[in-house]
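So the structure is just underneath, and the comments pick up after that.
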Amino acid sequence: MQGRYWIGACLMACAFVALAGGSVAAVRQQVEASMLLTGTIDIGADGRVTGHALDHPEKLEAGVIGLVGRTLPTWRFEPVVSDGKAHEATAKMSLLIVANKLDADHFTVRIRSANFADADEPAGSTLRSEQLEPPRYPANAFRDGVSGTAYAVVRVDRLGRVVDAAVEQVNLRVIGTPWQMASWRDAFAQATEKAARKWQFTPPVTGKHVDDQYWSARVPCAYYASAVGSGEPKYGRWQPYAPGPRQTIPWLNGAGEDVASSPDAMLAGGVYQLGEGLRLLTPLGEG
């Protein structure tokens with residue numbers, strides 16, 4: 001009962017922000033609730049999940065813990081190989097849980113996307129941020145009290161300079177008319193790309209990618225306003241969620257992707273080099 005209450009309250013908050021700008025029917029079609037969880041996952045030499053741990057389980061609903069506990073053991077990963085031999089591995093993980101309303105008393109809850117980073121990765125083997133000046137908050141989004149996350153993708157040369165930058169997706173935490181949402185997403189994307197082109201990174205100094213000419217990475221940039229449902233998310237609480245369309249990044253060509261690959265399971269402020277981390281082979285189900 002408590003889980004249904006919190007999901008419903010989240011969806012109501014998202015709709016409340018938007019009703020002045022669009023029809024009730026249009027709002028209902030777009031509203032979802034989301035929760036971003038973090039923790040660790042253990043896999044065996046054969047790629048099977050042998051264990052997992054969620055951060056701060058005391059802050060999570062029993063239903064969410066149960067969903068994760070039932071789902072993760074069914075997953076299979078590409079075995080981790082070093083020196084030609086598969087071995088056990090532990091990875092940091094983040095999971096995006098999404099709920100959709102079916103009727104007044106029923107919701108579907110599932111793991112929408114996931115991200116995994118090798119916890120045993122040697123220092124200096126991946127791209128690291130050197131100077132990431134945050135983007136300026138777009139004036140129209142700030143004025144309207146709109147929060148969102150823009151997922152930047154950068155390509156970095158051997159001097160650590162950004163030679164290509166684009167925004168792959170912009171997710172919002174409020175709902176408006178189609179015109180409003182397109183305007184807000186465009187504003188967040190432009191501000192993020194402008195900032196990303198000035199960022200500086202430290203290239204890998206060891207590991208399998210040390211001799212690459214370029215490296216690509218995703219960097220989520222979060223924008224928080226003070227409107228209803230738009231503040232900084234609290235761990236374990238449902239938040240309004242309006243995923244934006246995912247754009248094709250010309251220079252990626254699917255490099256480093258797996259069946260769970262999606263930018264919206266990544267934590268804001270992190271640098272996620274493509275081609276690193278565990279690769280999930282099992283398609284994400286409905287939960």
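So you can find residues: chains in the structure tokens are A, B, ... in the order shown, residues in each start at 1, and ligands are numbered from 1 in order.
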Contact table region 72-138 of chain A vs region 205-209 of chain A, cut-off 9 Å, shortest pair per residue, only C-alpha atoms, as JSON lines:
```
{"residue": "A:Pro122", "atom": "CA", "partner": "A:Gly207", "partner_atom": "CA", "distance": 7.6}
{"residue": "A:Ala123", "atom": "CA", "partner": "A:Thr206", "partner_atom": "CA", "distance": 8.1}
{"residue": "A:Gly124", "atom": "CA", "partner": "A:Val205", "partner_atom": "CA", "distance": 5.4}
{"residue": "A:Ser125", "atom": "CA", "partner": "A:Thr206", "partner_atom": "CA", "distance": 4.8}
{"residue": "A:Thr126", "atom": "CA", "partner": "A:His209", "partner_atom": "CA", "distance": 7.6}
{"residue": "A:Leu127", "atom": "CA", "partner": "A:Val205", "partner_atom": "CA", "distance": 8.9}
```
Those residues with all heavy atoms, as a short mmCIF file (atom, residue, chain, number, x, y, z; two decimals), in the first residue's frame please?
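That gives us again31.cif:
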```cif
data_model
loop_
_atom_site.label_atom_id
_atom_site.label_comp_id
_atom_site.auth_asym_id
_atom_site.auth_seq_id
_atom_site.Cartn_x
_atom_site.Cartn_y
_atom_site.Cartn_z
N PRO A 122 42.12 -1.18 -12.80
CA PRO A 122 43.37 -0.54 -12.34
C PRO A 122 43.31 0.98 -12.48
O PRO A 122 42.71 1.52 -13.42
CB PRO A 122 44.43 -1.13 -13.30
CG PRO A 122 43.81 -2.37 -13.85
CD PRO A 122 42.35 -2.11 -13.91
N ALA A 123 43.91 1.67 -11.55
CA ALA A 123 43.96 3.13 -11.60
C ALA A 123 44.67 3.58 -12.87
O ALA A 123 45.69 3.01 -13.27
CB ALA A 123 44.68 3.67 -10.37
N GLY A 124 44.12 4.61 -13.52
CA GLY A 124 44.74 5.16 -14.72
C GLY A 124 44.41 4.43 -15.99
O GLY A 124 44.94 4.77 -17.05
N SER A 125 43.48 3.45 -15.95
CA SER A 125 43.17 2.68 -17.15
C SER A 125 41.97 3.21 -17.91
O SER A 125 41.63 2.69 -18.98
CB SER A 125 42.93 1.20 -16.78
OG SER A 125 41.82 1.08 -15.93
N THR A 126 41.32 4.24 -17.37
CA THR A 126 40.17 4.83 -18.05
C THR A 126 40.29 6.35 -18.08
O THR A 126 41.09 6.94 -17.35
CB THR A 126 38.84 4.46 -17.35
OG1 THR A 126 38.88 4.92 -16.00
CG2 THR A 126 38.63 2.96 -17.37
N LEU A 127 39.47 6.94 -18.94
CA LEU A 127 39.42 8.39 -19.06
C LEU A 127 38.96 9.01 -17.74
O LEU A 127 38.02 8.53 -17.11
CB LEU A 127 38.43 8.73 -20.17
CG LEU A 127 38.50 10.10 -20.84
CD1 LEU A 127 39.81 10.27 -21.60
CD2 LEU A 127 37.31 10.24 -21.80
#
```
Give me, as a ChimeraX atom specification, the residues of region 28-192 of chain A that a backbone DSSP run labels helix (DSSP H, G or I). /A:28-30,57-59,62-74,139-143,178-192
Include N, CA and C atoms and write out the residues we just selected as a compact mmCIF listing (two decimals), in the first residue's frame.
```txt
# COMPACT_ATOMS: atom_id res chain seq x y z
N ARG A 28 -1.14 12.52 -18.86
CA ARG A 28 -1.21 11.13 -18.39
C ARG A 28 -0.43 10.18 -19.27
N GLN A 29 -0.38 10.44 -20.54
CA GLN A 29 0.33 9.55 -21.46
C GLN A 29 1.84 9.62 -21.26
N GLN A 30 2.35 10.71 -20.70
CA GLN A 30 3.78 10.89 -20.60
C GLN A 30 4.35 10.62 -19.21
N PRO A 57 19.61 -0.13 1.88
CA PRO A 57 18.34 -0.87 1.72
C PRO A 57 17.26 -0.40 2.68
N GLU A 58 17.66 0.20 3.82
CA GLU A 58 16.68 0.67 4.78
C GLU A 58 15.82 1.81 4.23
N LYS A 59 16.28 2.44 3.14
CA LYS A 59 15.54 3.53 2.53
C LYS A 59 14.63 3.06 1.39
N ALA A 62 10.00 -2.54 0.27
CA ALA A 62 10.18 -3.98 0.18
C ALA A 62 9.93 -4.49 -1.24
N GLY A 63 8.96 -3.88 -1.93
CA GLY A 63 8.65 -4.32 -3.29
C GLY A 63 9.79 -4.07 -4.26
N VAL A 64 10.48 -2.95 -4.09
CA VAL A 64 11.62 -2.63 -4.96
C VAL A 64 12.78 -3.60 -4.68
N ILE A 65 13.04 -3.85 -3.39
CA ILE A 65 14.10 -4.80 -3.04
C ILE A 65 13.78 -6.19 -3.59
N GLY A 66 12.51 -6.57 -3.51
CA GLY A 66 12.10 -7.86 -4.04
C GLY A 66 12.26 -7.96 -5.54
N LEU A 67 11.90 -6.89 -6.26
CA LEU A 67 12.06 -6.87 -7.71
C LEU A 67 13.52 -7.10 -8.10
N VAL A 68 14.42 -6.38 -7.46
CA VAL A 68 15.84 -6.52 -7.75
C VAL A 68 16.33 -7.93 -7.39
N GLY A 69 15.89 -8.42 -6.23
CA GLY A 69 16.31 -9.75 -5.78
C GLY A 69 15.84 -10.87 -6.69
N ARG A 70 14.66 -10.71 -7.31
CA ARG A 70 14.17 -11.73 -8.23
C ARG A 70 14.82 -11.65 -9.60
N THR A 71 15.14 -10.42 -10.01
CA THR A 71 15.58 -10.21 -11.39
C THR A 71 17.06 -10.48 -11.60
N LEU A 72 17.90 -9.98 -10.72
CA LEU A 72 19.34 -10.07 -10.95
C LEU A 72 19.86 -11.50 -11.09
N PRO A 73 19.37 -12.48 -10.33
CA PRO A 73 19.88 -13.85 -10.50
C PRO A 73 19.58 -14.45 -11.87
N THR A 74 18.65 -13.86 -12.63
CA THR A 74 18.34 -14.38 -13.97
C THR A 74 19.26 -13.81 -15.04
N ALA A 139 17.92 29.96 -19.23
CA ALA A 139 17.03 30.95 -18.62
C ALA A 139 15.57 30.53 -18.67
N ASN A 140 15.11 29.99 -19.81
CA ASN A 140 13.69 29.65 -19.91
C ASN A 140 13.33 28.47 -19.00
N ALA A 141 14.22 27.49 -18.88
CA ALA A 141 13.96 26.35 -18.00
C ALA A 141 13.97 26.78 -16.53
N PHE A 142 14.92 27.65 -16.17
CA PHE A 142 14.99 28.14 -14.79
C PHE A 142 13.74 28.95 -14.44
N ARG A 143 13.33 29.80 -15.37
CA ARG A 143 12.15 30.63 -15.16
C ARG A 143 10.90 29.77 -14.95
N PRO A 178 3.73 19.51 -25.69
CA PRO A 178 4.83 19.07 -26.55
C PRO A 178 5.77 20.21 -26.93
N TRP A 179 5.20 21.39 -27.21
CA TRP A 179 6.06 22.53 -27.58
C TRP A 179 6.94 22.94 -26.42
N GLN A 180 6.39 23.01 -25.20
CA GLN A 180 7.18 23.38 -24.03
C GLN A 180 8.32 22.39 -23.79
N MET A 181 7.99 21.11 -23.85
CA MET A 181 8.99 20.09 -23.55
C MET A 181 10.11 20.10 -24.57
N ALA A 182 9.76 20.29 -25.84
CA ALA A 182 10.79 20.38 -26.87
C ALA A 182 11.69 21.59 -26.64
N SER A 183 11.09 22.70 -26.22
CA SER A 183 11.86 23.91 -25.96
C SER A 183 12.81 23.72 -24.78
N TRP A 184 12.33 23.10 -23.70
CA TRP A 184 13.17 22.87 -22.53
C TRP A 184 14.31 21.89 -22.87
N ARG A 185 13.97 20.83 -23.58
CA ARG A 185 15.01 19.85 -23.93
C ARG A 185 16.08 20.49 -24.82
N ASP A 186 15.65 21.29 -25.77
CA ASP A 186 16.61 21.95 -26.66
C ASP A 186 17.50 22.90 -25.88
N ALA A 187 16.94 23.61 -24.90
CA ALA A 187 17.73 24.54 -24.10
C ALA A 187 18.77 23.80 -23.26
N PHE A 188 18.36 22.70 -22.62
CA PHE A 188 19.30 21.92 -21.84
C PHE A 188 20.40 21.33 -22.72
N ALA A 189 20.01 20.84 -23.90
CA ALA A 189 20.99 20.24 -24.81
C ALA A 189 22.01 21.26 -25.28
N GLN A 190 21.56 22.45 -25.66
CA GLN A 190 22.48 23.47 -26.14
C GLN A 190 23.45 23.92 -25.04
N ALA A 191 22.93 24.13 -23.83
CA ALA A 191 23.79 24.56 -22.73
C ALA A 191 24.82 23.48 -22.39
N THR A 192 24.40 22.22 -22.42
CA THR A 192 25.30 21.12 -22.07
C THR A 192 26.39 20.94 -23.12
```
From a DSSP calculation on the backbone, collect every residue of region 140-249 of chain A in strand (DSSP E) and output the set as an NGL selection string. :A and (148-156 or 162-172 or 200-202 or 215-223 or 239-241)
Mind dumping the selected residues with N, CA and C atoms as a short mmCIF file (atom, residue, chain, number, x, y, z; two decimals), in the first residue's frame?
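Listed below is the output, part-v7.cif:
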```cif
data_model
loop_
_atom_site.label_atom_id
_atom_site.label_comp_id
_atom_site.auth_asym_id
_atom_site.auth_seq_id
_atom_site.Cartn_x
_atom_site.Cartn_y
_atom_site.Cartn_z
N GLY A 148 15.91 18.71 -15.10
CA GLY A 148 16.14 17.65 -16.07
C GLY A 148 17.58 17.20 -16.04
N THR A 149 17.88 16.18 -16.82
CA THR A 149 19.24 15.67 -16.95
C THR A 149 19.57 15.55 -18.44
N ALA A 150 20.69 16.14 -18.83
CA ALA A 150 21.17 16.04 -20.20
C ALA A 150 22.37 15.09 -20.22
N TYR A 151 22.34 14.13 -21.12
CA TYR A 151 23.39 13.12 -21.20
C TYR A 151 24.33 13.44 -22.35
N ALA A 152 25.47 14.02 -22.00
CA ALA A 152 26.45 14.41 -23.00
C ALA A 152 27.32 13.22 -23.40
N VAL A 153 27.74 13.20 -24.65
CA VAL A 153 28.73 12.24 -25.13
C VAL A 153 29.88 13.05 -25.72
N VAL A 154 31.10 12.73 -25.29
CA VAL A 154 32.27 13.46 -25.78
C VAL A 154 33.27 12.48 -26.40
N ARG A 155 34.02 13.00 -27.37
CA ARG A 155 35.15 12.25 -27.92
C ARG A 155 36.41 13.05 -27.61
N VAL A 156 37.38 12.39 -27.00
CA VAL A 156 38.56 13.05 -26.43
C VAL A 156 39.82 12.57 -27.14
N VAL A 162 38.42 17.84 -25.86
CA VAL A 162 37.18 17.37 -26.48
C VAL A 162 37.17 17.81 -27.94
N VAL A 163 37.15 16.83 -28.84
CA VAL A 163 37.14 17.14 -30.27
C VAL A 163 35.75 17.00 -30.87
N ASP A 164 34.86 16.28 -30.19
CA ASP A 164 33.46 16.16 -30.61
C ASP A 164 32.60 16.11 -29.36
N ALA A 165 31.45 16.73 -29.42
CA ALA A 165 30.51 16.69 -28.29
C ALA A 165 29.09 16.71 -28.83
N ALA A 166 28.22 15.99 -28.17
CA ALA A 166 26.80 15.96 -28.55
C ALA A 166 25.99 15.58 -27.32
N VAL A 167 24.70 15.80 -27.38
CA VAL A 167 23.80 15.41 -26.29
C VAL A 167 22.93 14.28 -26.80
N GLU A 168 23.03 13.14 -26.14
CA GLU A 168 22.36 11.93 -26.60
C GLU A 168 20.88 11.89 -26.19
N GLN A 169 20.56 12.45 -25.03
CA GLN A 169 19.20 12.37 -24.53
C GLN A 169 19.01 13.44 -23.46
N VAL A 170 17.81 13.96 -23.35
CA VAL A 170 17.46 14.89 -22.28
C VAL A 170 16.17 14.40 -21.63
N ASN A 171 16.24 14.05 -20.35
CA ASN A 171 15.07 13.62 -19.59
C ASN A 171 14.63 14.76 -18.68
N LEU A 172 13.32 14.94 -18.57
CA LEU A 172 12.76 16.01 -17.76
C LEU A 172 12.06 15.43 -16.54
N GLN A 200 38.07 19.28 -20.12
CA GLN A 200 39.40 18.71 -20.26
C GLN A 200 39.46 17.39 -19.49
N PHE A 201 40.12 16.41 -20.07
CA PHE A 201 40.22 15.08 -19.48
C PHE A 201 41.68 14.62 -19.42
N THR A 202 41.90 13.60 -18.60
CA THR A 202 43.19 12.92 -18.56
C THR A 202 43.02 11.56 -19.23
N TRP A 215 39.03 8.54 -27.28
CA TRP A 215 38.18 7.85 -26.31
C TRP A 215 36.84 8.57 -26.25
N SER A 216 35.77 7.79 -26.12
CA SER A 216 34.45 8.38 -25.99
C SER A 216 33.88 8.06 -24.61
N ALA A 217 33.12 9.01 -24.07
CA ALA A 217 32.55 8.83 -22.74
C ALA A 217 31.22 9.56 -22.64
N ARG A 218 30.36 9.05 -21.78
CA ARG A 218 29.11 9.73 -21.45
C ARG A 218 29.30 10.48 -20.13
N VAL A 219 28.72 11.68 -20.07
CA VAL A 219 28.79 12.50 -18.85
C VAL A 219 27.39 13.07 -18.61
N PRO A 220 26.63 12.54 -17.64
CA PRO A 220 25.31 13.10 -17.33
C PRO A 220 25.43 14.43 -16.59
N CYS A 221 24.64 15.41 -17.00
CA CYS A 221 24.61 16.73 -16.36
C CYS A 221 23.20 16.98 -15.84
N ALA A 222 23.07 17.12 -14.53
CA ALA A 222 21.76 17.31 -13.90
C ALA A 222 21.51 18.78 -13.63
N TYR A 223 20.27 19.18 -13.87
CA TYR A 223 19.80 20.55 -13.60
C TYR A 223 18.64 20.44 -12.61
N GLN A 239 10.58 9.66 -8.26
CA GLN A 239 10.67 10.99 -8.85
C GLN A 239 9.93 11.02 -10.18
N PRO A 240 9.32 12.15 -10.53
CA PRO A 240 8.72 12.29 -11.86
C PRO A 240 9.78 12.08 -12.95
N TYR A 241 9.36 11.49 -14.04
CA TYR A 241 10.33 11.09 -15.07
C TYR A 241 9.67 11.17 -16.45
#
```
Neighbour list for Val109 (chain A) as number ranges by chain, cut-off 7 Å, only C-alpha atoms, skip fewer than 3 positions in-chain: A: 97-100, 287
Print the selection's residues with N, CA, C and O atoms to a file, as an mmCIF file, in the first residue's frame.
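Output saved as selection37.cif:
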```
data_model
loop_
_atom_site.group_PDB
_atom_site.id
_atom_site.type_symbol
_atom_site.label_atom_id
_atom_site.label_comp_id
_atom_site.auth_asym_id
_atom_site.auth_seq_id
_atom_site.Cartn_x
_atom_site.Cartn_y
_atom_site.Cartn_z
ATOM 1 N N ILE A 97 14.836 2.129 -11.938
ATOM 2 C CA ILE A 97 13.545 1.468 -11.755
ATOM 3 C C ILE A 97 12.457 2.432 -12.207
ATOM 4 O O ILE A 97 12.452 3.602 -11.816
ATOM 5 N N VAL A 98 11.539 1.958 -13.031
ATOM 6 C CA VAL A 98 10.484 2.821 -13.575
ATOM 7 C C VAL A 98 9.126 2.198 -13.296
ATOM 8 O O VAL A 98 8.942 0.977 -13.420
ATOM 9 N N ALA A 99 8.172 3.057 -12.894
ATOM 10 C CA ALA A 99 6.799 2.617 -12.642
ATOM 11 C C ALA A 99 5.842 3.350 -13.571
ATOM 12 O O ALA A 99 5.973 4.561 -13.775
ATOM 13 N N ASN A 100 4.895 2.607 -14.133
ATOM 14 C CA ASN A 100 3.846 3.173 -14.989
ATOM 15 C C ASN A 100 2.488 2.841 -14.402
ATOM 16 O O ASN A 100 2.252 1.720 -13.935
ATOM 17 N N GLY A 287 10.061 -7.194 -15.326
ATOM 18 C CA GLY A 287 10.102 -7.256 -13.870
ATOM 19 C C GLY A 287 8.812 -7.771 -13.280
ATOM 20 O O GLY A 287 7.815 -7.958 -13.916
#
```
Would you work out the distance separating CA of Gly277 (chain A) from CA of Ala91 (chain A), expressed in Å to one decimal? 7.6 Å
Pick out the closest residue to Asp144 (chain A) from this set: A:Leu159, A:Leu267, A:Ala225, A:Leu132. Count only C-alpha atoms.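 Ranked by minimum distance to Asp144 (chain A), first place goes to A:Ala225.
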Quick one: residues within 9 Å of Trp75 (chain A), only C-alpha atoms, excluding same-chain residues fewer than 4 positions away - as a PyMOL selection string? chain A and resi 47-49+71+280-284
What would the file look like if the residues just selected were written as a short mmCIF file (atom, residue, chain, number, x, y, z; two decimals), in the first residue's frame with N, CA and C atoms?
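Result file is part28.cif:
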```
data_model
loop_
_atom_site.label_atom_id
_atom_site.label_comp_id
_atom_site.auth_asym_id
_atom_site.auth_seq_id
_atom_site.Cartn_x
_atom_site.Cartn_y
_atom_site.Cartn_z
N GLY A 47 29.94 -15.98 -15.90
CA GLY A 47 29.07 -14.85 -16.21
C GLY A 47 27.76 -14.85 -15.47
N ARG A 48 27.51 -15.83 -14.60
CA ARG A 48 26.29 -15.86 -13.82
C ARG A 48 26.40 -14.95 -12.60
N VAL A 49 25.27 -14.37 -12.20
CA VAL A 49 25.26 -13.50 -11.03
C VAL A 49 25.32 -14.36 -9.77
N THR A 71 15.14 -10.42 -10.01
CA THR A 71 15.58 -10.21 -11.39
C THR A 71 17.06 -10.48 -11.60
N LEU A 280 26.19 -6.88 -20.07
CA LEU A 280 25.03 -7.72 -19.80
C LEU A 280 24.53 -8.34 -21.10
N LEU A 281 24.29 -9.66 -21.08
CA LEU A 281 23.82 -10.37 -22.26
C LEU A 281 22.31 -10.61 -22.22
N THR A 282 21.71 -10.59 -21.04
CA THR A 282 20.28 -10.86 -20.88
C THR A 282 19.46 -9.60 -21.14
N PRO A 283 18.48 -9.66 -22.04
CA PRO A 283 17.61 -8.49 -22.25
C PRO A 283 16.88 -8.16 -20.96
N LEU A 284 16.74 -6.87 -20.69
CA LEU A 284 16.02 -6.46 -19.50
C LEU A 284 14.53 -6.72 -19.69
#
```
Could you check how far CA of Tyr235 (chain A) sits from CA of Leu36 (chain A), in Å to one decimal?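 Value for the CA of Tyr235 (chain A)-CA of Leu36 (chain A) distance: 7.3 Å.
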Can you work out which one of A:Ala114, A:Val81, A:Gly176, A:Gly51 has the shortest atom-to-atom distance to Leu95 (chain A), counting only C-alpha atoms?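 So, comparing all the options, the nearest one is A:Ala114.
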